[in-house]
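Colleague: Have a peek at my_file-v4.cif (mmCIF, C-alpha atoms).
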data_data
#
loop_
_atom_site.label_atom_id
_atom_site.label_comp_id
_atom_site.auth_asym_id
_atom_site.auth_seq_id
_atom_site.Cartn_x
_atom_site.Cartn_y
_atom_site.Cartn_z
CA MET A 26 30.40 -56.39 335.31
CA VAL A 27 32.64 -58.80 333.42
CA SER A 28 35.68 -57.34 335.08
CA ASP A 29 34.23 -57.94 338.56
CA ASP A 30 33.52 -61.59 337.75
CA GLU A 31 37.07 -61.99 336.57
CA THR A 32 38.43 -60.33 339.70
CA LEU A 33 36.40 -62.76 341.77
CA LEU A 34 37.77 -65.70 339.77
CA LEU A 35 41.33 -64.45 340.27
CA ARG A 36 40.75 -64.16 344.02
CA ARG A 37 39.52 -67.74 344.11
CA VAL A 38 42.54 -68.84 342.07
CA ALA A 39 44.74 -67.06 344.60
CA GLY A 40 43.04 -69.27 347.21
CA LYS A 41 44.15 -72.31 345.13
CA ASP A 42 40.65 -73.07 343.88
CA ARG A 43 41.17 -75.40 340.91
CA ARG A 44 37.64 -75.11 339.56
CA ALA A 45 38.04 -71.35 339.42
CA PHE A 46 41.32 -71.87 337.60
CA GLU A 47 39.69 -74.14 335.03
CA ALA A 48 36.93 -71.58 334.54
CA LEU A 49 39.55 -68.86 334.01
CA TYR A 50 41.39 -71.13 331.56
CA HIS A 51 38.24 -71.59 329.51
CA LEU A 52 37.40 -67.90 329.74
CA TYR A 53 40.83 -66.78 328.61
CA TYR A 54 42.08 -69.54 326.32
CA ARG A 55 40.89 -68.07 323.03
CA ARG A 56 41.59 -64.49 324.09
CA LEU A 57 45.11 -65.32 325.15
CA PHE A 58 45.74 -67.43 322.08
CA ALA A 59 44.67 -64.60 319.77
CA TYR A 60 46.60 -62.00 321.78
CA LEU A 61 49.77 -64.09 321.90
CA PHE A 62 49.46 -64.75 318.21
CA LYS A 63 49.12 -61.04 317.52
CA LEU A 64 52.26 -60.40 319.57
CA THR A 65 54.42 -63.23 318.30
CA ARG A 66 52.86 -64.24 314.96
CA ARG A 67 54.19 -67.72 315.73
CA VAL A 68 51.79 -70.58 316.43
CA ASP A 69 54.60 -72.76 317.77
CA VAL A 70 55.46 -70.13 320.40
CA VAL A 71 51.85 -69.39 321.31
CA GLU A 72 50.99 -72.78 322.77
CA GLU A 73 54.07 -73.02 324.92
CA VAL A 74 53.68 -69.47 326.20
CA LEU A 75 49.98 -69.85 326.90
CA ASN A 76 50.64 -72.64 329.39
CA ASP A 77 53.44 -70.64 330.99
CA VAL A 78 51.07 -67.70 331.38
CA MET A 79 48.38 -69.87 332.97
CA LEU A 80 50.92 -71.37 335.36
CA ALA A 81 52.12 -67.86 336.26
CA ILE A 82 48.51 -66.88 336.95
CA TRP A 83 48.11 -69.90 339.21
CA SER A 84 51.24 -69.16 341.16
CA GLY A 85 50.93 -65.38 341.18
CA ALA A 86 47.20 -64.65 341.48
CA ALA A 87 47.73 -63.50 345.06
CA GLY A 88 49.88 -60.68 343.64
CA PHE A 89 46.96 -59.24 341.66
CA ASP A 90 46.02 -56.15 343.67
CA GLY A 91 42.77 -55.34 341.85
CA ARG A 92 43.85 -51.81 340.97
CA SER A 93 43.87 -52.60 337.25
CA ARG A 94 41.51 -54.68 335.17
CA PRO A 95 42.22 -58.44 335.43
CA SER A 96 42.78 -58.54 331.67
CA THR A 97 45.43 -55.81 331.97
CA TRP A 98 47.26 -57.85 334.57
CA ILE A 99 46.99 -61.06 332.53
CA PHE A 100 48.00 -59.31 329.27
CA GLY A 101 51.04 -57.97 331.10
CA ILE A 102 52.16 -61.45 332.13
CA ALA A 103 51.52 -62.72 328.62
CA TYR A 104 53.50 -59.87 327.04
CA HIS A 105 56.60 -60.60 329.07
CA LYS A 106 56.38 -64.36 328.60
CA ALA A 107 55.92 -63.91 324.85
CA LEU A 108 58.93 -61.63 324.49
CA LYS A 109 61.08 -64.01 326.49
CA ALA A 110 59.99 -66.93 324.33
CA LEU A 111 60.78 -64.99 321.15
CA ALA A 112 64.24 -64.16 322.47
CA ARG A 113 64.79 -67.83 323.31
CA ARG A 114 63.53 -69.09 319.97
CA PRO A 115 64.43 -66.91 317.01
CA ALA A 116 62.08 -67.35 314.07
CA PRO A 117 63.01 -70.08 311.60
CA ALA A 118 63.67 -68.59 308.15
CA GLN A 119 60.71 -70.49 306.76
CA GLU A 120 58.24 -68.83 309.13
CA ILE A 121 59.34 -65.37 308.09
CA ASP A 122 58.96 -66.18 304.41
CA ARG A 123 55.50 -67.52 304.89
CA GLY A 124 54.29 -64.54 306.83
CA GLU A 125 50.56 -64.13 306.46
CA GLU A 126 50.32 -66.82 303.84
CA SER A 127 50.50 -69.57 306.42
CA GLY A 128 47.34 -71.46 307.17
CA PRO A 129 44.90 -73.08 304.81
CA PRO A 130 44.15 -71.58 301.43
CA GLU A 131 41.45 -68.94 301.58
CA ALA A 132 38.09 -70.31 300.57
CA VAL A 133 36.46 -67.99 298.09
CA ASP A 134 32.89 -67.25 298.92
CA ALA A 135 30.96 -66.03 295.91
CA ASP A 136 28.39 -64.33 298.11
CA GLU A 137 30.96 -62.27 299.94
CA PRO A 138 30.22 -58.58 299.53
CA GLU A 139 32.90 -56.55 297.82
CA SER A 140 33.50 -54.33 300.81
CA LEU A 141 34.26 -57.40 302.92
CA LEU A 142 36.67 -58.65 300.27
CA ALA A 143 38.41 -55.30 300.21
CA ARG A 144 38.64 -55.36 303.97
CA ARG A 145 40.18 -58.82 303.95
CA GLU A 146 42.68 -57.68 301.37
CA LEU A 147 43.64 -54.70 303.51
CA ALA A 148 43.86 -56.99 306.54
CA GLY A 149 46.27 -59.22 304.59
CA THR A 150 48.54 -56.33 303.56
CA LEU A 151 48.35 -54.83 307.00
CA GLY A 152 49.08 -58.20 308.58
CA ARG A 153 52.31 -58.44 306.62
CA ALA A 154 53.26 -54.88 307.57
CA LEU A 155 52.61 -55.58 311.26
CA HIS A 156 54.67 -58.73 310.94
CA ALA A 157 57.59 -56.56 309.85
CA LEU A 158 57.50 -54.52 313.08
CA SER A 159 59.38 -55.55 316.19
CA ALA A 160 57.24 -57.37 318.77
CA GLU A 161 57.51 -54.36 321.10
CA HIS A 162 56.20 -51.95 318.48
CA ARG A 163 53.55 -54.36 317.24
CA ALA A 164 52.27 -54.80 320.79
CA VAL A 165 51.69 -51.06 321.20
CA VAL A 166 49.84 -50.87 317.87
CA GLU A 167 47.62 -53.88 318.61
CA LEU A 168 46.91 -52.85 322.19
CA THR A 169 45.88 -49.39 321.00
CA TYR A 170 43.84 -50.22 317.96
CA PHE A 171 42.62 -53.78 318.42
CA TYR A 172 42.22 -53.80 322.18
CA GLY A 173 41.36 -50.10 322.56
CA ARG A 174 43.71 -49.57 325.52
CA SER A 175 44.80 -46.17 326.83
CA TYR A 176 48.51 -45.29 326.85
CA GLN A 177 48.53 -45.62 330.65
CA GLU A 178 47.14 -49.16 330.47
CA ILE A 179 49.64 -50.08 327.76
CA ALA A 180 52.47 -48.72 329.92
CA GLU A 181 51.22 -50.99 332.69
CA ILE A 182 50.94 -54.04 330.42
CA VAL A 183 54.38 -53.70 328.85
CA GLY A 184 55.93 -52.42 332.07
CA CYS A 185 57.52 -49.19 330.86
CA PRO A 186 57.00 -45.44 331.30
CA VAL A 187 54.17 -43.76 329.39
CA ASN A 188 56.70 -41.81 327.32
CA THR A 189 58.26 -45.03 326.08
CA VAL A 190 54.83 -46.19 324.90
CA LYS A 191 54.44 -42.94 322.95
CA THR A 192 57.92 -43.26 321.47
CA ARG A 193 57.30 -46.84 320.40
CA MET A 194 54.04 -45.80 318.79
CA PHE A 195 55.83 -42.93 317.04
CA HIS A 196 58.35 -45.34 315.46
CA ALA A 197 55.68 -47.91 314.64
CA ARG A 198 53.61 -45.26 312.85
CA ARG A 199 56.59 -44.09 310.85
CA ARG A 200 57.47 -47.64 309.83
CA LEU A 201 53.87 -48.51 308.93
CA ARG A 202 53.64 -45.38 306.83
CA GLU A 203 56.65 -46.59 304.83
CA LEU A 204 55.26 -50.10 304.49
CA LEU A 205 51.68 -49.08 303.77
CA PRO A 206 51.54 -46.13 301.47
CA GLY A 207 47.95 -47.29 300.90
CA LEU A 208 47.08 -46.16 304.42
CA GLY A 209 47.92 -42.62 303.44
CA VAL A 210 45.24 -40.04 303.12
CA THR A 211 45.12 -39.84 299.34
CA SER A 212 43.54 -43.25 298.81
CA TYR A 213 41.18 -42.84 301.72
CA ALA A 214 40.08 -39.29 301.10
CA GLY A 215 38.53 -40.67 297.95
CA MET B 27 59.62 -13.99 315.76
CA ARG B 28 60.89 -17.55 316.19
CA GLU B 29 59.64 -18.23 319.65
CA PRO B 30 55.90 -18.54 319.11
CA ARG B 31 56.58 -20.74 316.10
CA ASP B 32 58.74 -23.07 318.20
CA ARG B 33 56.05 -23.19 320.81
CA GLY B 34 53.52 -23.96 318.10
CA GLU B 35 55.75 -26.72 316.77
CA ARG B 36 56.09 -28.20 320.26
CA THR B 37 52.31 -28.22 320.71
CA HIS B 38 51.97 -29.84 317.30
CA SER B 39 54.40 -32.65 318.21
CA ARG B 40 52.68 -33.24 321.52
CA ILE B 41 49.26 -33.46 319.88
CA TRP B 42 50.54 -35.54 316.97
CA GLU B 43 51.86 -38.07 319.48
CA LEU B 44 48.45 -38.36 321.17
CA LEU B 45 46.44 -38.96 317.99
CA PRO B 46 46.29 -42.79 318.18
CA TRP B 47 44.66 -42.58 321.60
CA TYR B 48 42.42 -39.73 320.49
CA VAL B 49 41.26 -42.04 317.71
CA ASN B 50 40.69 -45.02 320.04
CA GLY B 51 38.74 -42.78 322.42
CA THR B 52 40.82 -43.31 325.55
CA LEU B 53 42.31 -39.83 326.14
CA PRO B 54 41.45 -38.08 329.38
CA PRO B 55 38.98 -35.20 328.77
CA ALA B 56 41.59 -32.40 329.07
CA GLU B 57 43.87 -33.98 326.47
CA ARG B 58 40.93 -34.77 324.23
CA SER B 59 39.87 -31.10 324.18
CA ALA B 60 43.45 -30.02 323.52
CA VAL B 61 43.63 -32.40 320.54
CA GLU B 62 40.29 -31.21 319.16
CA GLU B 63 41.33 -27.57 319.45
CA HIS B 64 44.61 -28.18 317.65
CA ILE B 65 43.23 -30.45 314.93
CA ALA B 66 40.72 -27.81 313.94
CA VAL B 67 43.56 -25.57 312.74
CA CYS B 68 46.29 -28.07 311.76
CA PRO B 69 46.02 -29.75 308.34
CA ARG B 70 48.97 -32.07 309.10
CA CYS B 71 47.21 -33.44 312.18
CA GLN B 72 43.94 -33.73 310.27
CA GLU B 73 45.73 -35.87 307.74
CA GLU B 74 47.39 -37.96 310.43
CA GLU B 75 44.08 -38.44 312.22
CA ARG B 76 42.58 -39.90 309.04
CA SER B 77 45.57 -42.17 308.66
CA CYS B 78 45.24 -43.35 312.29
CA ARG B 79 41.55 -44.07 311.71
CA ALA B 80 42.38 -46.07 308.60
CA LEU B 81 44.94 -48.05 310.59
CA GLU B 82 42.44 -48.65 313.36
CA ALA B 83 39.85 -49.89 310.87
CA GLY B 84 42.44 -52.19 309.30
CA VAL B 85 43.64 -53.64 312.61
CA HIS B 86 40.05 -54.11 313.71
CA GLY B 87 39.15 -55.76 310.44
CA ALA B 88 41.63 -58.56 311.12
CA GLU B 89 39.73 -61.56 312.43
CA GLU B 90 40.57 -62.94 315.82
CA VAL B 91 41.29 -66.55 314.98
CA ALA B 92 41.84 -68.92 317.86
CA PRO B 93 41.09 -72.58 318.51
CA SER B 94 38.85 -73.81 321.30
CA PRO B 95 40.43 -74.93 324.57
CA HIS B 96 41.99 -78.34 324.22
CA PRO B 97 41.12 -80.82 327.03
CA VAL B 98 44.39 -82.71 326.70
CA ARG B 99 46.44 -79.54 326.99
CA LEU B 100 44.39 -78.45 329.99
CA ALA B 101 45.04 -81.84 331.59
CA ARG B 102 48.76 -81.38 330.98
CA LEU B 103 48.66 -77.90 332.46
CA LEU B 104 46.86 -79.20 335.54
CA ALA B 105 49.56 -81.85 335.88
CA ARG B 106 52.19 -79.10 335.79
CA ILE B 107 50.25 -77.31 338.49
CA ASP B 108 50.28 -80.47 340.60
CA ASP B 109 54.05 -80.56 340.19
CA PHE B 110 54.25 -76.91 341.06
CA GLU B 111 52.24 -77.45 344.20
CA LYS B 112 54.61 -80.26 345.16
CA GLY B 113 57.24 -77.58 345.01
CA ASP B 114 59.50 -78.63 342.17
CA ALA B 115 57.97 -76.92 339.17
CA ALA B 116 59.52 -73.55 339.73
CA LYS B 117 62.19 -74.71 337.27
CA PRO B 118 61.31 -75.19 333.61
CA SER B 119 60.11 -78.68 332.77
CA ARG B 120 63.09 -79.68 330.64
CA TRP B 121 65.31 -79.12 333.66
CA ARG B 122 63.02 -81.27 335.67
CA ARG B 123 63.24 -84.01 333.07
CA ALA B 124 67.01 -83.73 332.98
CA LEU B 125 67.14 -83.80 336.77
CA ALA B 126 64.89 -86.83 336.89
CA ALA B 127 67.18 -88.62 334.44
CA ALA B 128 70.23 -87.66 336.47
CA GLY B 129 68.46 -88.48 339.70
CA ARG B 130 69.70 -92.03 340.14
CA PRO B 131 73.45 -91.39 339.78
CA LEU B 132 73.10 -88.28 341.92
CA ARG B 133 71.39 -90.21 344.67
CA ALA B 134 74.13 -92.83 344.41
CA LEU B 135 76.65 -90.02 344.72
CA ALA B 136 75.00 -88.81 347.89
CA ALA B 137 74.90 -92.30 349.35
CA ASN B 138 78.44 -93.26 348.42
CA PRO B 139 80.76 -90.32 347.70
CA GLY B 140 83.68 -92.64 346.88
CA ARG B 141 81.87 -94.36 344.03
CA GLY B 142 80.27 -91.04 343.20
CA MET B 143 83.27 -89.82 341.22
CA ALA B 144 82.99 -92.72 338.79
CA VAL B 145 79.26 -92.13 338.45
CA ALA B 146 79.82 -88.43 337.75
CA GLN B 147 82.43 -89.23 335.11
CA LEU B 148 80.06 -91.67 333.48
CA ALA B 149 77.34 -89.01 333.48
CA VAL B 150 79.65 -86.53 331.73
CA LEU B 151 80.61 -89.13 329.14
CA LEU B 152 76.95 -89.91 328.50
CA LEU B 153 76.22 -86.22 328.12
CA ILE B 154 79.02 -85.78 325.57
CA ALA B 155 77.89 -88.88 323.67
CA GLY B 156 74.37 -87.50 323.64
CA LEU B 157 75.47 -84.13 322.30
CA VAL B 158 77.59 -85.69 319.56
CA GLY B 159 74.73 -87.97 318.59
CA TRP B 160 72.32 -85.07 318.53
CA GLN B 161 74.60 -83.03 316.30
CA GLN B 162 74.98 -85.92 313.90
CA TRP B 163 71.23 -86.37 313.87
CA ARG B 164 70.82 -82.64 313.19
CA ALA B 165 73.33 -82.82 310.35
CA ARG B 166 71.31 -85.56 308.70
CA GLN B 167 68.10 -83.54 308.79
CA PRO B 168 67.08 -81.86 305.51
CA GLU B 169 68.26 -78.27 305.37
CA PRO B 170 65.17 -76.07 305.82
CA ALA B 171 66.80 -73.13 304.02
CA TYR B 172 66.48 -74.97 300.71
CA ARG B 173 62.79 -75.54 301.02
CA THR B 174 60.50 -73.21 299.20
CA LEU B 175 56.88 -72.40 299.68
CA SER B 176 55.56 -73.92 296.51
CA SER B 177 57.81 -76.93 296.31
CA PRO B 178 55.86 -80.19 296.57
CA GLU B 179 58.76 -81.69 298.56
CA LYS B 180 58.08 -79.30 301.40
CA ALA B 181 55.44 -81.49 302.99
CA LEU B 182 57.54 -84.61 302.49
CA ALA B 183 60.53 -82.93 304.04
CA ALA B 184 58.50 -81.82 307.06
CA GLY B 185 57.20 -85.38 307.23
CA GLY B 186 54.73 -85.15 310.13
CA PRO B 187 51.86 -87.64 310.41
CA ARG B 188 48.96 -87.13 308.02
CA ILE B 189 45.28 -87.31 308.70
CA ARG B 190 42.32 -87.49 306.35
CA VAL B 191 39.65 -85.08 307.49
CA LEU B 192 36.11 -84.50 306.29
CA PHE B 193 34.64 -81.28 307.62
CA ALA B 194 30.92 -80.77 308.11
CA GLU B 195 29.27 -79.13 305.11
CA GLU B 196 28.18 -76.18 307.19
CA ALA B 197 31.70 -75.55 308.55
CA THR B 198 32.86 -72.07 307.65
CA GLU B 199 36.31 -71.30 306.36
CA ARG B 200 37.09 -69.61 309.68
CA GLU B 201 35.97 -72.64 311.69
CA ILE B 202 38.17 -74.85 309.57
CA ARG B 203 41.12 -72.55 310.14
CA GLU B 204 40.51 -72.58 313.89
CA LEU B 205 40.29 -76.36 313.93
CA LEU B 206 43.55 -76.64 312.02
CA LEU B 207 45.20 -74.10 314.30
CA GLY B 208 44.12 -76.20 317.29
CA VAL B 209 46.15 -79.18 316.07
CA ARG B 210 48.78 -77.07 314.24
CA GLY B 211 47.69 -78.88 311.10
CA GLU B 212 48.34 -77.82 307.54
CA ILE B 213 46.31 -78.87 304.52
CA VAL B 214 48.67 -80.68 302.17
CA ALA B 215 46.11 -82.09 299.73
CA GLY B 216 42.45 -81.98 298.89
CA PRO B 217 39.63 -81.60 298.80
CA SER B 218 39.12 -84.92 297.07
CA PRO B 219 35.94 -85.34 295.01
CA PHE B 220 34.32 -86.47 298.27
CA GLY B 221 35.51 -83.36 300.11
CA VAL B 222 38.26 -85.08 302.08
CA TYR B 223 41.36 -83.04 302.99
CA THR B 224 44.75 -84.44 303.86
CA VAL B 225 46.14 -82.60 306.85
CA GLU B 226 49.67 -82.84 308.13
CA VAL B 227 50.39 -82.28 311.82
CA PRO B 228 53.83 -81.60 313.29
CA ARG B 229 55.92 -84.64 314.13
CA ALA B 230 56.95 -83.08 317.43
CA GLY B 231 53.38 -82.17 318.39
CA ASP B 232 50.74 -84.13 320.28
CA PRO B 233 50.60 -87.90 319.75
CA LEU B 234 48.52 -88.80 316.69
CA ALA B 235 45.89 -90.56 318.81
CA THR B 236 45.39 -87.36 320.83
CA VAL B 237 45.01 -85.26 317.71
CA LEU B 238 42.50 -87.72 316.25
CA THR B 239 40.45 -87.85 319.46
CA HIS B 240 40.42 -84.07 319.61
CA LEU B 241 39.34 -83.70 315.98
CA ARG B 242 36.65 -86.36 316.27
CA ALA B 243 35.18 -84.56 319.27
CA GLN B 244 34.61 -81.42 317.21
CA LYS B 245 31.11 -80.96 315.87
CA ARG B 246 32.43 -79.55 312.59
CA VAL B 247 34.43 -82.69 311.87
CA ARG B 248 32.59 -85.61 310.22
CA LEU B 249 35.57 -87.89 309.89
CA ALA B 250 39.19 -87.96 310.97
CA GLU B 251 41.43 -90.95 310.33
CA PRO B 252 45.12 -91.55 309.82
CA ALA B 253 46.15 -91.27 306.17
CA ARG B 254 47.74 -94.36 304.56
#
Rewrite the structure from the file as structure tokens, please.
Modeller:
Amino acid sequence: MVSDDETLLLRRVAGKDRRAFEALYHLYYRRLFAYLFKLTRRVDVVEEVLNDVMLAIWSGAAGFDGRSRPSTWIFGIAYHKALKALARRPAPAQEIDRGEESGPPEAVDADEPESLLARRELAGTLGRALHALSAEHRAVVELTYFYGRSYQEIAEIVGCPVNTVKTRMFHARRRLRELLPGLGVTSYAG
Amino acid sequence: MREPRDRGERTHSRIWELLPWYVNGTLPPAERSAVEEHIAVCPRCQEEERSCRALEAGVHGAEEVAPSPHPVRLARLLARIDDFEKGDAAKPSRWRRALAAAGRPLRALAANPGRGMAVAQLAVLLLIAGLVGWQQWRARQPEPAYRTLSSPEKALAAGGPRIRVLFAEEATEREIRELLLGVRGEIVAGPSPFGVYTVEVPRAGDPLATVLTHLRAQKRVRLAEPAR
């Protein structure tokens, strides 16, 4: 089991085993980067927070009690560090304007099937809509749909009661419905 | 008879709230059955279920773009861990830097409290001078609010170092994006007829030599050299 291997790594990190820590760093780097980017949508914040998260893992691994999945514990640390960093560093106006358009120009691949193109287009529109949500609401949406987490796990990650998770999701759904009329049934029912 | 309708409405709200987790398949069995039972007779929840599924498909369709681990950043992190183990990294690093800078006068203060007052006053003066200088420096910086997306001056205004990069022919668009993300680079020109891109990296980021070493170590990079 992946989760068991990770638990073992965390235990070794708790025992101040540096090689285990480096292995965990390599195992989690891309996952944490992508997760932190989903939460913050700010590359400049991601790198700083990622190191803070890894340092918190190093210093706090002994506090991992093994009752939840290691990734749930790590995602929880990352969530709180990311929110703190966002509060410390409000988004520069430029970043907001750029939204999803940041990054290199999209290369157009002539062989790309139409369905894939349509999916990328939806992902672009959806990306902008998610960007418009608060980080707290976006986290609940991403944790539910991208990471497939239960509401109990999300409550554990974000450190709030289950009912708060449901309320945040309720507001996020309402806001996304306003921003994405295309997600409505009419266009999808055919 | 208002009561049964209210009860029905309450059930509806409760089920409606659970739909995202019904859709992602994580509801406990009892709640899952309750949702299924209700959905079968509730057109509003049927509609919402479809909308949740569309949202799930959309969120899932978004690629997970992330760069590979960066050896230099790992080395820096390990250095922070060394500091932490020595017991002084509990405070954020900028405090540590500030403390290190203030260390000498503070030690002098401890050794000689009489002279300490003068040292402390000097430190305050230096701090004020620093703040004033910083504000003046800030005031001279170009105002970011005036920059626009399409303006060609944008890159000049940002003014980070530039690198000429030739990616391997087989590099996919996603790999290129991940490589750029790894160095926080932005394509400002190219491709040239030879396929060379000009990439700008942030001035406040890693030293240029580090960025170049990192890029050159990537198997999807054929060439990376400073521009100009």
Colleague: Applied to this file, what does the PyMOL selection byres ((chain B) within 9 of (chain A)) return in terms of residues, put as an MDAnalysis selection string?
Modeller: chainID B and resid 43:44 46:47 49:53 73:74 76:78 80:95 99:100 103:104 106:107 110:111 170:171 173:175 198:199 202:203 206:207 210:214
Colleague: Please write the residues from the selection above to a file, keeping C-alpha atoms, as a PDB file, keeping the file's coordinate frame.
Modeller:
ATOM      1  CA  GLU B  43      51.860 -38.070 319.480  1.00  0.00           C
ATOM      2  CA  LEU B  44      48.450 -38.360 321.170  1.00  0.00           C
ATOM      3  CA  PRO B  46      46.290 -42.790 318.180  1.00  0.00           C
ATOM      4  CA  TRP B  47      44.660 -42.580 321.600  1.00  0.00           C
ATOM      5  CA  VAL B  49      41.260 -42.040 317.710  1.00  0.00           C
ATOM      6  CA  ASN B  50      40.690 -45.020 320.040  1.00  0.00           C
ATOM      7  CA  GLY B  51      38.740 -42.780 322.420  1.00  0.00           C
ATOM      8  CA  THR B  52      40.820 -43.310 325.550  1.00  0.00           C
ATOM      9  CA  LEU B  53      42.310 -39.830 326.140  1.00  0.00           C
ATOM     10  CA  GLU B  73      45.730 -35.870 307.740  1.00  0.00           C
ATOM     11  CA  GLU B  74      47.390 -37.960 310.430  1.00  0.00           C
ATOM     12  CA  ARG B  76      42.580 -39.900 309.040  1.00  0.00           C
ATOM     13  CA  SER B  77      45.570 -42.170 308.660  1.00  0.00           C
ATOM     14  CA  CYS B  78      45.240 -43.350 312.290  1.00  0.00           C
ATOM     15  CA  ALA B  80      42.380 -46.070 308.600  1.00  0.00           C
ATOM     16  CA  LEU B  81      44.940 -48.050 310.590  1.00  0.00           C
ATOM     17  CA  GLU B  82      42.440 -48.650 313.360  1.00  0.00           C
ATOM     18  CA  ALA B  83      39.850 -49.890 310.870  1.00  0.00           C
ATOM     19  CA  GLY B  84      42.440 -52.190 309.300  1.00  0.00           C
ATOM     20  CA  VAL B  85      43.640 -53.640 312.610  1.00  0.00           C
ATOM     21  CA  HIS B  86      40.050 -54.110 313.710  1.00  0.00           C
ATOM     22  CA  GLY B  87      39.150 -55.760 310.440  1.00  0.00           C
ATOM     23  CA  ALA B  88      41.630 -58.560 311.120  1.00  0.00           C
ATOM     24  CA  GLU B  89      39.730 -61.560 312.430  1.00  0.00           C
ATOM     25  CA  GLU B  90      40.570 -62.940 315.820  1.00  0.00           C
ATOM     26  CA  VAL B  91      41.290 -66.550 314.980  1.00  0.00           C
ATOM     27  CA  ALA B  92      41.840 -68.920 317.860  1.00  0.00           C
ATOM     28  CA  PRO B  93      41.090 -72.580 318.510  1.00  0.00           C
ATOM     29  CA  SER B  94      38.850 -73.810 321.300  1.00  0.00           C
ATOM     30  CA  PRO B  95      40.430 -74.930 324.570  1.00  0.00           C
ATOM     31  CA  ARG B  99      46.440 -79.540 326.990  1.00  0.00           C
ATOM     32  CA  LEU B 100      44.390 -78.450 329.990  1.00  0.00           C
ATOM     33  CA  LEU B 103      48.660 -77.900 332.460  1.00  0.00           C
ATOM     34  CA  LEU B 104      46.860 -79.200 335.540  1.00  0.00           C
ATOM     35  CA  ARG B 106      52.190 -79.100 335.790  1.00  0.00           C
ATOM     36  CA  ILE B 107      50.250 -77.310 338.490  1.00  0.00           C
ATOM     37  CA  PHE B 110      54.250 -76.910 341.060  1.00  0.00           C
ATOM     38  CA  GLU B 111      52.240 -77.450 344.200  1.00  0.00           C
ATOM     39  CA  PRO B 170      65.170 -76.070 305.820  1.00  0.00           C
ATOM     40  CA  ALA B 171      66.800 -73.130 304.020  1.00  0.00           C
ATOM     41  CA  ARG B 173      62.790 -75.540 301.020  1.00  0.00           C
ATOM     42  CA  THR B 174      60.500 -73.210 299.200  1.00  0.00           C
ATOM     43  CA  LEU B 175      56.880 -72.400 299.680  1.00  0.00           C
ATOM     44  CA  THR B 198      32.860 -72.070 307.650  1.00  0.00           C
ATOM     45  CA  GLU B 199      36.310 -71.300 306.360  1.00  0.00           C
ATOM     46  CA  ILE B 202      38.170 -74.850 309.570  1.00  0.00           C
ATOM     47  CA  ARG B 203      41.120 -72.550 310.140  1.00  0.00           C
ATOM     48  CA  LEU B 206      43.550 -76.640 312.020  1.00  0.00           C
ATOM     49  CA  LEU B 207      45.200 -74.100 314.300  1.00  0.00           C
ATOM     50  CA  ARG B 210      48.780 -77.070 314.240  1.00  0.00           C
ATOM     51  CA  GLY B 211      47.690 -78.880 311.100  1.00  0.00           C
ATOM     52  CA  GLU B 212      48.340 -77.820 307.540  1.00  0.00           C
ATOM     53  CA  ILE B 213      46.310 -78.870 304.520  1.00  0.00           C
ATOM     54  CA  VAL B 214      48.670 -80.680 302.170  1.00  0.00           C
TER      55      VAL B 214
END
Colleague: Enumerate, as number ranges by chain, the residues matched when the PyMOL selection byres ((chain A and resi 86) around 12) is run on the file above.
Modeller: A: 31-42, 45-46, 49, 78-85, 87-91, 95, 98-99, 102
Colleague: At a cut-off of 9 Å, using all atoms listed in the file, what residues contact Ala215 in chain B? Leave out same-chain residues fewer than 4 positions from it and give the result as a list in words.
Modeller: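 Using all atoms listed in the file, the neighbours found are Val222, Tyr223, Thr224 and Val225 of chain B.
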Colleague: Selected residues, C-alpha atoms, written as a PDB file, keeping the file's coordinate frame, please.
Modeller:
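Generated file (again.pdb):
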ATOM      1  CA  VAL B 222      38.260 -85.080 302.080  1.00  0.00           C
ATOM      2  CA  TYR B 223      41.360 -83.040 302.990  1.00  0.00           C
ATOM      3  CA  THR B 224      44.750 -84.440 303.860  1.00  0.00           C
ATOM      4  CA  VAL B 225      46.140 -82.600 306.850  1.00  0.00           C
TER       5      VAL B 225
END
Colleague: Residues picked by the PyMOL selection byres ((chain B and resi 237) around 12) here, as a PyMOL selection string?
Modeller: chain B and resi 96-99+187-191+205-211+225-229+231-236+238-244+250-252
Colleague: Excluding range 110-115 of chain A and its own-chain neighbours fewer than 4 positions away, which residues fall within 10 Å of it when counting all atoms listed in the file? Please give them as a PDB file with C-alpha atoms, keeping the file's coordinate frame.
Modeller:
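Here's the written file part39.pdb:
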ATOM      1  CA  LEU A  64      52.260 -60.400 319.570  1.00  0.00           C
ATOM      2  CA  THR A  65      54.420 -63.230 318.300  1.00  0.00           C
ATOM      3  CA  ARG A  67      54.190 -67.720 315.730  1.00  0.00           C
ATOM      4  CA  ASP A  69      54.600 -72.760 317.770  1.00  0.00           C
ATOM      5  CA  VAL A  70      55.460 -70.130 320.400  1.00  0.00           C
ATOM      6  CA  VAL A  71      51.850 -69.390 321.310  1.00  0.00           C
ATOM      7  CA  GLU A  73      54.070 -73.020 324.920  1.00  0.00           C
ATOM      8  CA  VAL A  74      53.680 -69.470 326.200  1.00  0.00           C
ATOM      9  CA  TYR A 104      53.500 -59.870 327.040  1.00  0.00           C
ATOM     10  CA  HIS A 105      56.600 -60.600 329.070  1.00  0.00           C
ATOM     11  CA  LYS A 106      56.380 -64.360 328.600  1.00  0.00           C
ATOM     12  CA  ALA A 160      57.240 -57.370 318.770  1.00  0.00           C
TER      13      ALA A 160
END
Colleague: Once 6 Å is added on each side, what centre and edge lengths in Å to one decimal does the axis-aligned box around all listed atoms of range 191-210 of chain B have, as JSON?
Modeller:
{"center_x": 38.5, "center_y": -77.3, "center_z": 311.2, "size_x": 32.6, "size_y": 27.5, "size_z": 24.2}
